[in-house]
$ cat model_31.txt   # compact mmCIF, C-alpha atoms
# COMPACT_ATOMS: atom_id res chain seq x y z
CA MET A 1 -80.93 65.36 23.87
CA SER A 2 -83.09 66.56 26.74
CA ILE A 3 -83.67 70.21 27.64
CA PRO A 4 -83.94 70.70 31.42
CA SER A 5 -86.45 73.06 32.97
CA PHE A 6 -84.94 76.16 34.57
CA PHE A 7 -87.39 75.95 37.44
CA PRO A 8 -89.01 72.54 38.05
CA LEU A 9 -92.16 74.03 39.52
CA SER A 10 -95.72 72.81 39.59
CA PRO A 11 -97.80 73.77 36.50
CA GLN A 12 -99.69 76.44 38.49
CA ASP A 13 -96.47 78.05 39.74
CA GLN A 14 -95.00 77.82 36.25
CA GLU A 15 -97.91 79.76 34.75
CA ASN A 16 -97.50 82.48 37.40
CA ASP A 17 -93.80 82.66 36.64
CA ASP A 18 -94.56 83.14 32.92
CA ALA A 19 -96.43 86.34 33.73
CA ASN A 20 -93.47 87.59 35.81
CA VAL A 21 -90.98 86.86 33.02
CA SER A 22 -92.93 88.73 30.33
CA PRO A 23 -96.19 90.51 31.24
CA THR A 24 -96.59 91.54 27.58
CA PHE A 25 -96.49 87.97 26.26
CA SER A 26 -98.76 86.91 29.11
CA SER A 27 -101.24 89.59 27.98
CA LEU A 28 -101.04 88.29 24.40
CA LEU A 29 -101.71 84.71 25.58
CA CYS A 30 -104.54 85.68 27.93
CA PRO A 31 -107.44 84.80 25.53
CA LEU A 32 -105.73 81.50 24.67
CA GLU A 33 -105.30 80.59 28.34
CA ALA A 34 -108.99 81.31 28.95
CA HIS A 35 -110.04 78.69 26.37
CA LEU A 36 -107.54 75.93 27.23
CA PRO A 37 -109.58 74.38 30.09
CA TYR A 38 -112.56 73.86 27.76
CA LEU A 39 -110.73 71.92 25.04
CA THR A 40 -110.92 68.16 24.62
CA ARG A 41 -108.28 66.69 26.90
CA LEU A 42 -105.26 65.24 25.14
CA ARG A 43 -104.54 61.82 26.63
CA ALA A 44 -101.42 59.68 26.55
CA ARG A 45 -101.52 56.67 24.24
CA GLY A 46 -99.73 54.39 26.69
CA ASN A 47 -99.36 53.94 30.46
CA LYS A 48 -96.67 56.59 30.74
CA PRO A 49 -98.12 59.94 31.88
CA MET A 50 -97.99 62.82 29.38
CA THR A 51 -95.68 65.59 30.58
CA TYR A 52 -95.42 67.59 27.35
CA THR A 53 -99.03 68.73 27.20
CA PHE A 54 -101.01 70.51 24.49
CA ALA A 55 -100.63 73.73 26.49
CA HIS A 56 -96.83 73.50 26.19
CA GLN A 57 -97.16 72.70 22.50
CA VAL A 58 -99.43 75.59 21.51
CA ARG A 59 -97.63 78.16 23.69
CA GLY A 60 -94.33 77.24 22.07
CA LEU A 61 -95.79 77.49 18.56
CA VAL A 62 -97.35 80.90 19.29
CA TYR A 63 -93.96 82.14 20.50
CA TYR A 64 -92.38 80.63 17.36
CA HIS A 65 -94.59 82.75 15.09
CA THR A 66 -94.64 85.85 17.29
CA GLN A 67 -90.85 86.09 17.44
CA ALA A 68 -90.32 84.91 13.83
CA CYS A 69 -88.05 81.95 14.62
CA THR A 70 -86.25 80.59 11.56
CA SER A 71 -86.49 76.87 12.40
CA ALA A 72 -87.52 74.37 15.05
CA GLN A 73 -83.88 74.08 16.07
CA ASP A 74 -83.82 77.83 16.63
CA LEU A 75 -86.75 77.50 19.04
CA LEU A 76 -85.20 74.56 20.90
CA GLN A 77 -81.87 76.35 21.26
CA ALA A 78 -83.70 79.36 22.68
CA ALA A 79 -85.37 77.06 25.23
CA GLN A 80 -81.92 76.15 26.58
CA CYS A 81 -80.86 79.72 27.36
CA ASP A 82 -83.98 81.94 27.29
CA ARG A 83 -85.94 81.93 30.52
CA LEU A 84 -89.29 82.78 28.88
CA VAL A 85 -89.04 80.15 26.12
CA ASN A 86 -87.95 77.54 28.64
CA GLN A 87 -90.97 78.21 30.84
CA LEU A 88 -93.36 78.18 27.86
CA LEU A 89 -92.04 75.09 26.11
CA VAL A 90 -90.34 72.85 28.67
CA PRO A 91 -92.37 70.90 31.28
CA PRO A 92 -90.98 70.61 34.84
CA SER A 93 -89.51 67.18 34.09
CA GLY A 94 -87.64 68.43 30.99
CA LEU A 95 -88.21 68.08 27.24
CA GLY A 96 -86.55 65.71 24.78
CA GLN A 97 -86.10 67.10 21.28
CA SER A 98 -87.62 63.94 19.81
CA THR A 99 -90.71 64.50 21.97
CA PHE A 100 -91.11 68.01 20.55
CA TYR A 101 -90.91 66.83 16.94
CA GLU A 102 -93.14 63.79 17.56
CA ALA A 103 -95.83 65.89 19.24
CA ASN A 104 -96.05 68.35 16.34
CA ALA A 105 -96.08 65.55 13.76
CA THR A 106 -98.68 63.25 15.30
CA ARG A 107 -100.96 64.81 17.93
CA GLY A 108 -103.02 67.83 18.96
CA GLU A 109 -104.96 68.39 15.70
CA LYS A 110 -108.42 68.18 17.28
CA GLN A 111 -107.46 70.49 20.13
CA MET A 112 -105.85 72.99 17.73
CA PHE A 113 -109.00 73.15 15.58
CA GLU A 114 -111.16 73.64 18.70
CA LEU A 115 -108.90 76.44 19.93
CA PHE A 116 -108.85 78.11 16.51
CA ASP A 117 -112.65 78.04 16.34
CA ARG A 118 -113.03 79.47 19.85
CA LEU A 119 -110.51 82.25 19.28
CA SER A 120 -112.05 83.17 15.92
CA ARG A 121 -115.39 83.67 17.66
CA THR A 122 -113.73 85.79 20.34
CA ALA A 123 -111.88 87.90 17.76
CA ALA A 124 -115.06 88.37 15.71
CA LYS A 125 -116.65 90.19 18.66
CA GLN A 126 -113.87 92.79 18.76
CA GLY A 127 -114.83 94.64 15.59
CA GLY A 128 -118.52 93.79 15.33
CA LEU A 129 -120.38 93.36 12.06
CA ALA A 130 -119.00 95.83 9.53
CA LEU A 131 -121.54 95.12 6.78
CA PRO A 132 -124.74 94.00 8.54
CA ARG A 133 -127.11 94.55 5.64
CA HIS A 134 -125.06 92.32 3.35
CA GLY A 135 -125.10 89.35 5.74
CA GLY A 136 -122.24 86.98 6.47
CA LEU A 137 -119.61 87.41 3.74
CA ILE A 138 -116.86 84.78 3.48
CA ALA A 139 -114.05 85.40 1.00
CA ILE A 140 -112.69 82.05 -0.18
CA ASP A 141 -109.33 81.50 -1.80
CA GLY A 142 -106.27 79.26 -1.75
CA SER A 143 -102.63 80.11 -1.19
CA PHE A 144 -99.48 78.09 -1.87
CA ILE A 145 -97.02 77.09 0.85
CA ASP A 146 -93.55 76.22 -0.43
CA ALA A 147 -92.49 72.68 0.54
CA SER A 148 -89.25 70.74 0.36
CA LEU A 149 -88.67 68.06 -2.27
CA SER A 150 -88.80 65.37 0.44
CA MET A 151 -92.46 66.24 1.07
CA THR A 152 -93.69 63.87 -1.64
CA TRP A 153 -97.33 64.22 -0.60
CA ALA A 154 -97.25 67.94 -1.58
CA ASP A 155 -97.45 67.22 -5.30
CA TYR A 156 -97.13 70.21 -7.61
CA SER A 157 -94.60 69.52 -10.39
CA CYS A 158 -91.59 67.33 -11.09
CA HIS A 159 -89.25 70.11 -9.93
CA GLN A 160 -91.30 71.69 -7.11
CA ARG A 161 -93.29 70.68 -4.07
CA LYS A 162 -96.06 72.92 -2.79
CA ALA A 163 -98.96 72.58 -0.40
CA LYS A 164 -102.10 74.68 -0.65
CA VAL A 165 -104.08 76.14 2.21
CA HIS A 166 -107.76 76.85 1.43
CA CYS A 167 -109.14 79.56 3.68
CA GLY A 168 -112.54 80.99 4.48
CA PHE A 169 -112.00 84.64 5.49
CA ASP A 170 -114.76 86.50 7.35
CA VAL A 171 -114.96 89.84 5.54
CA ASN A 172 -117.23 91.39 8.17
CA SER A 173 -114.76 90.82 11.01
CA ALA A 174 -111.54 90.66 8.93
CA ILE A 175 -110.44 87.34 10.43
CA PRO A 176 -109.87 83.80 9.09
CA ARG A 177 -112.60 81.34 10.09
CA LYS A 178 -111.80 77.97 8.48
CA ILE A 179 -108.90 76.30 6.66
CA VAL A 180 -108.30 73.09 4.74
CA LEU A 181 -104.90 71.77 3.65
CA SER A 182 -104.23 69.95 0.36
CA ASP A 183 -101.43 69.32 -2.10
CA GLY A 184 -100.54 72.09 -4.55
CA LYS A 185 -102.35 70.56 -7.54
CA ALA A 186 -105.68 70.07 -5.80
CA ASP A 187 -108.77 71.72 -7.28
CA GLU A 188 -110.11 74.55 -5.12
CA ARG A 189 -113.83 74.22 -5.92
CA PRO A 190 -114.61 71.04 -3.91
CA PHE A 191 -113.51 72.75 -0.67
CA VAL A 192 -116.13 75.51 -0.84
CA SER A 193 -118.77 73.31 0.82
CA LEU A 194 -116.37 72.74 3.74
CA LEU A 195 -115.51 76.42 4.17
CA LEU A 196 -119.01 77.86 3.73
CA GLU A 197 -121.90 77.40 6.15
CA LYS A 198 -125.60 77.55 5.39
CA GLY A 199 -126.82 81.14 5.02
CA GLN A 200 -123.36 82.58 4.37
CA THR A 201 -122.28 84.17 1.08
CA GLY A 202 -119.03 83.01 -0.48
CA VAL A 203 -117.09 85.66 -2.42
CA MET A 204 -114.81 84.00 -4.99
CA ASP A 205 -112.73 84.59 -8.11
CA ARG A 206 -112.98 82.98 -11.57
CA GLY A 207 -111.26 79.77 -10.48
CA TYR A 208 -114.42 78.74 -8.63
CA GLN A 209 -116.76 78.97 -11.64
CA ASP A 210 -118.69 75.70 -11.92
CA HIS A 211 -122.33 75.64 -13.02
CA THR A 212 -123.02 72.24 -11.48
CA ARG A 213 -121.66 73.32 -8.13
CA PHE A 214 -123.62 76.59 -8.35
CA ASP A 215 -126.81 74.49 -8.37
CA ASP A 216 -125.48 72.34 -5.51
CA TRP A 217 -124.68 75.37 -3.34
CA ILE A 218 -128.14 76.82 -3.94
CA ARG A 219 -129.76 73.53 -2.86
CA GLN A 220 -127.58 73.54 0.28
CA GLY A 221 -128.71 77.06 1.18
CA LYS A 222 -125.24 78.54 0.59
CA HIS A 223 -125.04 81.79 -1.34
CA PHE A 224 -122.27 82.98 -3.64
CA VAL A 225 -120.88 86.02 -5.43
CA VAL A 226 -118.47 84.67 -8.04
CA ARG A 227 -116.61 86.29 -10.89
CA VAL A 228 -117.08 84.40 -14.18
CA LYS A 229 -115.28 84.43 -17.50
CA LYS A 230 -116.23 87.14 -19.98
CA ASN A 231 -117.13 84.58 -22.69
CA ILE A 232 -119.68 82.84 -20.46
CA GLN A 233 -122.87 81.72 -22.20
CA TYR A 234 -126.26 82.55 -20.72
CA HIS A 235 -129.95 82.87 -21.53
CA ILE A 236 -131.62 86.12 -20.43
CA LEU A 237 -134.86 85.66 -18.50
CA ALA A 238 -135.39 89.32 -17.55
CA ARG A 239 -133.37 92.52 -17.73
CA LEU A 240 -133.25 94.36 -14.42
CA PRO A 241 -133.04 98.12 -13.75
CA LYS A 242 -129.81 99.73 -12.62
CA LYS A 243 -129.23 103.11 -11.08
CA LYS A 244 -128.79 106.00 -13.51
CA ARG A 245 -126.08 108.46 -12.55
CA ILE A 246 -125.18 111.75 -14.20
CA PHE A 247 -121.80 111.72 -12.45
CA GLN A 248 -119.85 108.53 -11.73
CA PRO A 249 -117.75 108.87 -8.52
CA ARG A 250 -114.12 107.94 -9.00
CA GLY A 251 -113.36 104.36 -7.93
CA GLU A 252 -116.96 103.14 -8.04
CA ALA A 253 -118.07 100.46 -10.49
CA ASN A 254 -119.82 101.53 -13.68
CA ILE A 255 -122.69 99.07 -14.17
CA CYS A 256 -123.29 98.17 -17.83
CA PHE A 257 -125.39 94.97 -17.55
CA PHE A 258 -127.80 93.51 -14.99
CA ALA A 259 -130.17 90.62 -15.72
CA LYS A 260 -131.73 87.44 -14.38
CA VAL A 261 -130.28 84.59 -16.44
CA LEU A 262 -129.73 80.87 -16.81
CA LEU A 263 -126.02 80.13 -17.16
CA GLY A 264 -124.65 77.67 -19.71
CA ASP A 265 -125.47 76.58 -23.23
CA VAL A 266 -128.48 74.50 -24.27
CA ASN A 267 -126.85 71.18 -23.27
CA HIS A 268 -125.15 72.37 -20.04
CA ARG A 269 -127.57 74.83 -18.48
CA MET A 270 -128.15 75.55 -14.81
CA SER A 271 -131.48 74.47 -13.38
CA THR A 272 -131.77 77.55 -11.13
CA PRO A 273 -131.80 81.16 -12.39
CA VAL A 274 -129.12 83.54 -11.11
CA PHE A 275 -128.28 87.23 -11.46
CA LEU A 276 -125.49 88.37 -13.76
CA VAL A 277 -123.81 91.77 -13.44
CA GLY A 278 -121.37 93.33 -15.87
CA PHE A 279 -119.37 96.34 -14.71
CA SER A 280 -116.09 98.12 -15.20
CA ALA A 281 -113.73 99.48 -12.54
CA ALA A 282 -110.29 101.06 -12.94
CA GLY A 283 -110.47 100.43 -16.67
CA LYS A 284 -111.09 96.69 -16.30
CA ALA A 285 -114.26 94.73 -17.17
CA TYR A 286 -115.83 92.25 -14.72
CA TRP A 287 -118.67 89.76 -14.94
CA VAL A 288 -120.04 88.58 -11.60
CA VAL A 289 -122.85 86.14 -10.85
CA THR A 290 -124.87 85.63 -7.66
CA ASP A 291 -127.93 83.74 -6.48
CA ARG A 292 -128.98 86.49 -4.05
CA GLU A 293 -132.04 88.34 -5.35
CA ASP A 294 -131.99 90.88 -2.51
CA LEU A 295 -128.88 92.65 -3.85
CA ALA A 296 -128.79 95.55 -6.29
CA ALA A 297 -126.22 95.55 -9.07
CA GLU A 298 -124.09 98.12 -7.22
CA ASP A 299 -124.12 95.94 -4.07
CA ILE A 300 -122.98 92.91 -6.03
CA ALA A 301 -120.08 94.83 -7.55
CA TYR A 302 -119.11 96.21 -4.14
CA ILE A 303 -119.24 92.80 -2.43
CA TYR A 304 -116.99 91.32 -5.08
CA SER A 305 -114.46 94.12 -4.52
CA LEU A 306 -114.19 92.98 -0.88
CA ARG A 307 -112.64 89.70 -2.03
CA TRP A 308 -109.30 91.48 -2.14
CA HIS A 309 -109.22 91.48 1.68
CA ILE A 310 -108.26 87.81 1.74
CA GLU A 311 -105.32 88.54 -0.57
CA THR A 312 -103.97 91.25 1.74
CA PHE A 313 -104.47 88.92 4.72
CA PHE A 314 -102.47 86.12 3.07
CA ALA A 315 -99.65 88.56 2.22
CA TRP A 316 -99.42 90.00 5.77
CA TRP A 317 -99.77 86.66 7.54
CA LYS A 318 -97.21 84.79 5.44
CA LYS A 319 -94.66 87.62 5.43
CA HIS A 320 -94.67 88.86 9.02
CA LEU A 321 -95.47 85.62 10.93
CA LYS A 322 -92.98 83.54 8.91
CA VAL A 323 -95.28 80.75 7.74
CA TYR A 324 -92.63 79.45 5.33
CA HIS A 325 -90.24 78.35 8.12
CA LEU A 326 -91.58 74.80 8.46
CA ILE A 327 -91.22 72.72 11.62
CA SER A 328 -92.56 69.43 10.24
CA ARG A 329 -92.72 67.86 6.79
CA SER A 330 -95.78 65.69 7.36
CA PRO A 331 -99.32 66.84 6.42
CA HIS A 332 -100.32 66.74 10.09
CA GLY A 333 -97.29 68.74 11.19
CA LEU A 334 -97.77 71.38 8.50
CA LEU A 335 -101.46 71.72 9.35
CA MET A 336 -100.57 72.17 13.04
CA GLN A 337 -98.11 74.92 12.18
CA LEU A 338 -100.61 76.69 9.91
CA LEU A 339 -103.28 76.55 12.61
CA ALA A 340 -100.78 77.87 15.17
CA GLY A 341 -99.93 80.71 12.78
CA LEU A 342 -103.61 81.58 12.39
CA ILE A 343 -104.11 81.39 16.16
CA THR A 344 -101.18 83.79 16.58
CA TYR A 345 -102.85 86.18 14.12
CA LEU A 346 -106.15 85.98 16.03
CA LEU A 347 -104.33 86.71 19.29
CA LEU A 348 -102.77 89.75 17.62
CA VAL A 349 -106.22 90.91 16.47
CA ILE A 350 -107.52 90.74 20.04
CA TYR A 351 -104.34 92.26 21.54
CA CYS A 352 -104.17 95.19 19.10
CA HIS A 353 -107.87 95.95 19.49
CA ARG A 354 -107.60 96.06 23.28
CA ARG A 355 -104.37 98.05 23.38
CA TYR A 356 -104.58 100.29 20.29
CA GLU A 357 -108.23 99.93 19.18
CA ASP A 358 -106.87 99.08 15.74
CA LYS A 359 -106.18 96.11 13.51
CA PRO A 360 -102.76 94.35 13.53
CA ARG A 361 -100.02 96.43 11.94
CA LEU A 362 -96.32 95.84 11.46
CA ALA A 363 -95.43 98.68 13.84
CA TYR A 364 -97.52 97.09 16.62
CA LEU A 365 -95.94 93.68 15.97
CA ARG A 366 -92.43 95.14 16.15
CA GLN A 367 -93.28 96.91 19.41
CA LEU A 368 -94.69 93.66 20.81
CA ARG A 369 -91.54 91.74 19.90
CA TRP A 370 -89.30 94.40 21.43
CA GLU A 371 -91.24 94.45 24.70
CA ILE A 372 -91.20 90.64 24.99
CA GLN A 373 -87.44 90.48 24.44
CA HIS A 374 -86.79 93.43 26.78
CA GLU A 375 -88.85 91.88 29.58
CA ALA A 376 -87.50 88.35 29.13
CA HIS A 377 -83.86 89.40 29.16
CA ALA A 378 -84.11 91.94 31.99
CA LYS A 379 -82.74 90.68 35.31
CA PRO A 380 -85.03 90.82 38.33
CA ASP A 381 -84.63 93.66 40.80
CA LEU A 382 -82.69 93.16 43.96
CA HIS A 383 -84.70 94.17 46.98
CA LEU A 384 -82.80 95.10 50.10
CA HIS A 385 -84.96 95.74 53.12
CA LEU A 386 -83.30 97.56 55.95
CA HIS A 387 -85.45 97.92 59.03
CA LEU A 388 -84.22 100.44 61.52
CA HIS A 389 -86.18 100.27 64.75
CA LEU A 390 -85.93 103.80 66.09
CA HIS A 391 -88.40 106.10 67.76
CA ILE A 392 -89.51 106.78 64.16
CA HIS A 393 -89.82 103.60 62.07
CA ILE A 394 -87.99 104.12 58.79
CA HIS A 395 -88.34 101.55 55.98
CA ILE A 396 -85.71 101.98 53.32
CA HIS A 397 -86.30 100.08 50.08
CA ILE A 398 -83.33 100.07 47.76
CA HIS A 399 -84.16 98.82 44.24
CA ILE A 400 -81.06 98.06 42.25
CA HIS A 401 -81.86 97.63 38.53
CA ALA A 402 -79.08 95.49 37.08
CA TYR A 403 -80.07 96.18 33.48
CA ARG A 404 -79.51 99.94 33.71
CA ILE A 405 -76.16 101.69 33.25
CA TRP A 406 -76.17 103.01 36.85
CA PRO A 407 -78.18 101.74 39.84
CA LEU A 408 -81.40 103.54 40.50
CA MET A 409 -81.93 103.92 44.20
CA ILE A 410 -85.31 104.81 45.53
CA VAL A 411 -85.61 105.56 49.19
CA SER A 412 -89.05 105.76 50.68
CA CYS A 413 -89.50 106.75 54.25
CA HIS A 414 -92.71 106.01 56.09
CA HIS A 415 -93.09 107.88 59.39
CA LYS A 416 -95.20 106.39 62.06
CA SER A 417 -96.14 108.63 64.99
CA LEU A 418 -95.33 107.33 68.41
CA GLU A 419 -97.06 108.03 71.67
CA ASP A 420 -95.21 110.04 74.33
CA PRO A 421 -93.32 107.86 76.83
$ encode --input "model_31.txt" --output "structure tokens"
Amino acid sequence: MSIPSFFPLSPQDQENDDANVSPTFSSLLCPLEAHLPYLTRLRARGNKPMTYTFAHQVRGLVYYHTQACTSAQDLLQAAQCDRLVNQLLVPPSGLGQSTFYEANATRGEKQMFELFDRLSRTAAKQGGLALPRHGGLIAIDGSFIDASLSMTWADYSCHQRKAKVHCGFDVNSAIPRKIVLSDGKADERPFVSLLLEKGQTGVMDRGYQDHTRFDDWIRQGKHFVVRVKKNIQYHILARLPKKKRIFQPRGEANICFFAKVLLGDVNHRMSTPVFLVGFSAAGKAYWVVTDREDLAAEDIAYIYSLRWHIETFFAWWKKHLKVYHLISRSPHGLLMQLLAGLITYLLLVIYCHRRYEDKPRLAYLRQLRWEIQHEAHAKPDLHLHLHLHLHIHIHIHIHIHAYRIWPLMIVSCHHKSLEDP
């Protein structure tokens, strides 16, 4: 089945028409449109020219997440009756449903990664560096994505299928920077080297404890602040001073141990010394290790507390942008949808900062959705121009708003002085 275009215009005219249909959605897409010309060009595999371009693909997926569509079929049905969706998704020559599914399942991965990287850099400039003295902090964690039983590659258990997205979250700018997709049973620790760049500090939970990899990350110039198990074995090289406080402010960590140590037992010991901090917060004990010698014990405890930001991001992103409504069942298709969801979140970061000077919130997202629907479904004004050529030129502009209960008529009279006969 093919979906015809409402207005078979040229691509340039079609982009201008998008802005007329919904100025709000056009404003949301503005940073994306600015980066599209600089992406690697997606070329057709055969002699037939490509009509359904990457621009159509990514615009449609951003709308899918922004408006919380429930399925791919929901989006395609909207393209048949909604003027905005049709202009975003359907090329002038029309769109076959099989073309839509094939494009999301097989192509556009390189371009989507390039666009995600460019937008993450743009979004990072909105808020600036929140913690400059602590350097680049990247919270690393994985999150499950529910899959259907037919997605055999997403191995998790005999009764469930799940994929796992591994994310590097920039704590300083509060935005995602890198992702990797795997099956649900995959170990999280091998992906740290892919998510962390040289000079950055990875902030991780107990699942990433691995003494061998700690040595590897140090040799690669990648720092870490990792929570370890309370029964960890270590050899103390030097005890380090910690701040003495007569009064402990509520909510702050109470430092009870700080030392330079070698982790592991006699037979499995790290080759590089690290710094181990023991502290309690909210009645719970924590043991955190780092290779950074420039941090005080209180700084280490504080940096680890920032790891929770990635958990709140996962919860907001998956709940309000409907990540669980899958379009494709292939690894490529799922990765494309996850990247499109992250790109939508980055666009919201930029949009909310410019309009509200704030981070994305549910109230802003609801307002955005309402404005897009209101603009897309409103009928264009009817302009009646009556020119009465009298001694005084009167231009009467009658604007009839079809979407209001009663017509609103605005009459503007412009007087032009005439010379005496």
$ closest_residue --input "model_31.txt" --among "A:Ala105, A:Val192, A:Ala174, A:Ala378" --to "A:Met204" --atoms "all atoms listed in the file"
A:Val192
$ closest_residue --input "model_31.txt" --among "A:Cys256, A:Val228, A:Leu240, A:Met270" --to "A:Arg213" --atoms "all atoms listed in the file"
A:Met270
$ atom_distance --input "model_31.txt" --atom1 "atom CA of A:Thr70" --atom2 "atom CA of A:His320"
12.1 Å
$ atom_distance --input "model_31.txt" --atom1 "atom CA of A:Phe6" --atom2 "atom CA of A:Pro92"
8.2 Å
$ residues_around --input "model_31.txt" --residues "A:Trp317" --least-positions-apart "6" --cutoff "9 Å" --atoms "all atoms listed in the file" --output "VMD selection string"
chain A and resid 323 341 to 342 345
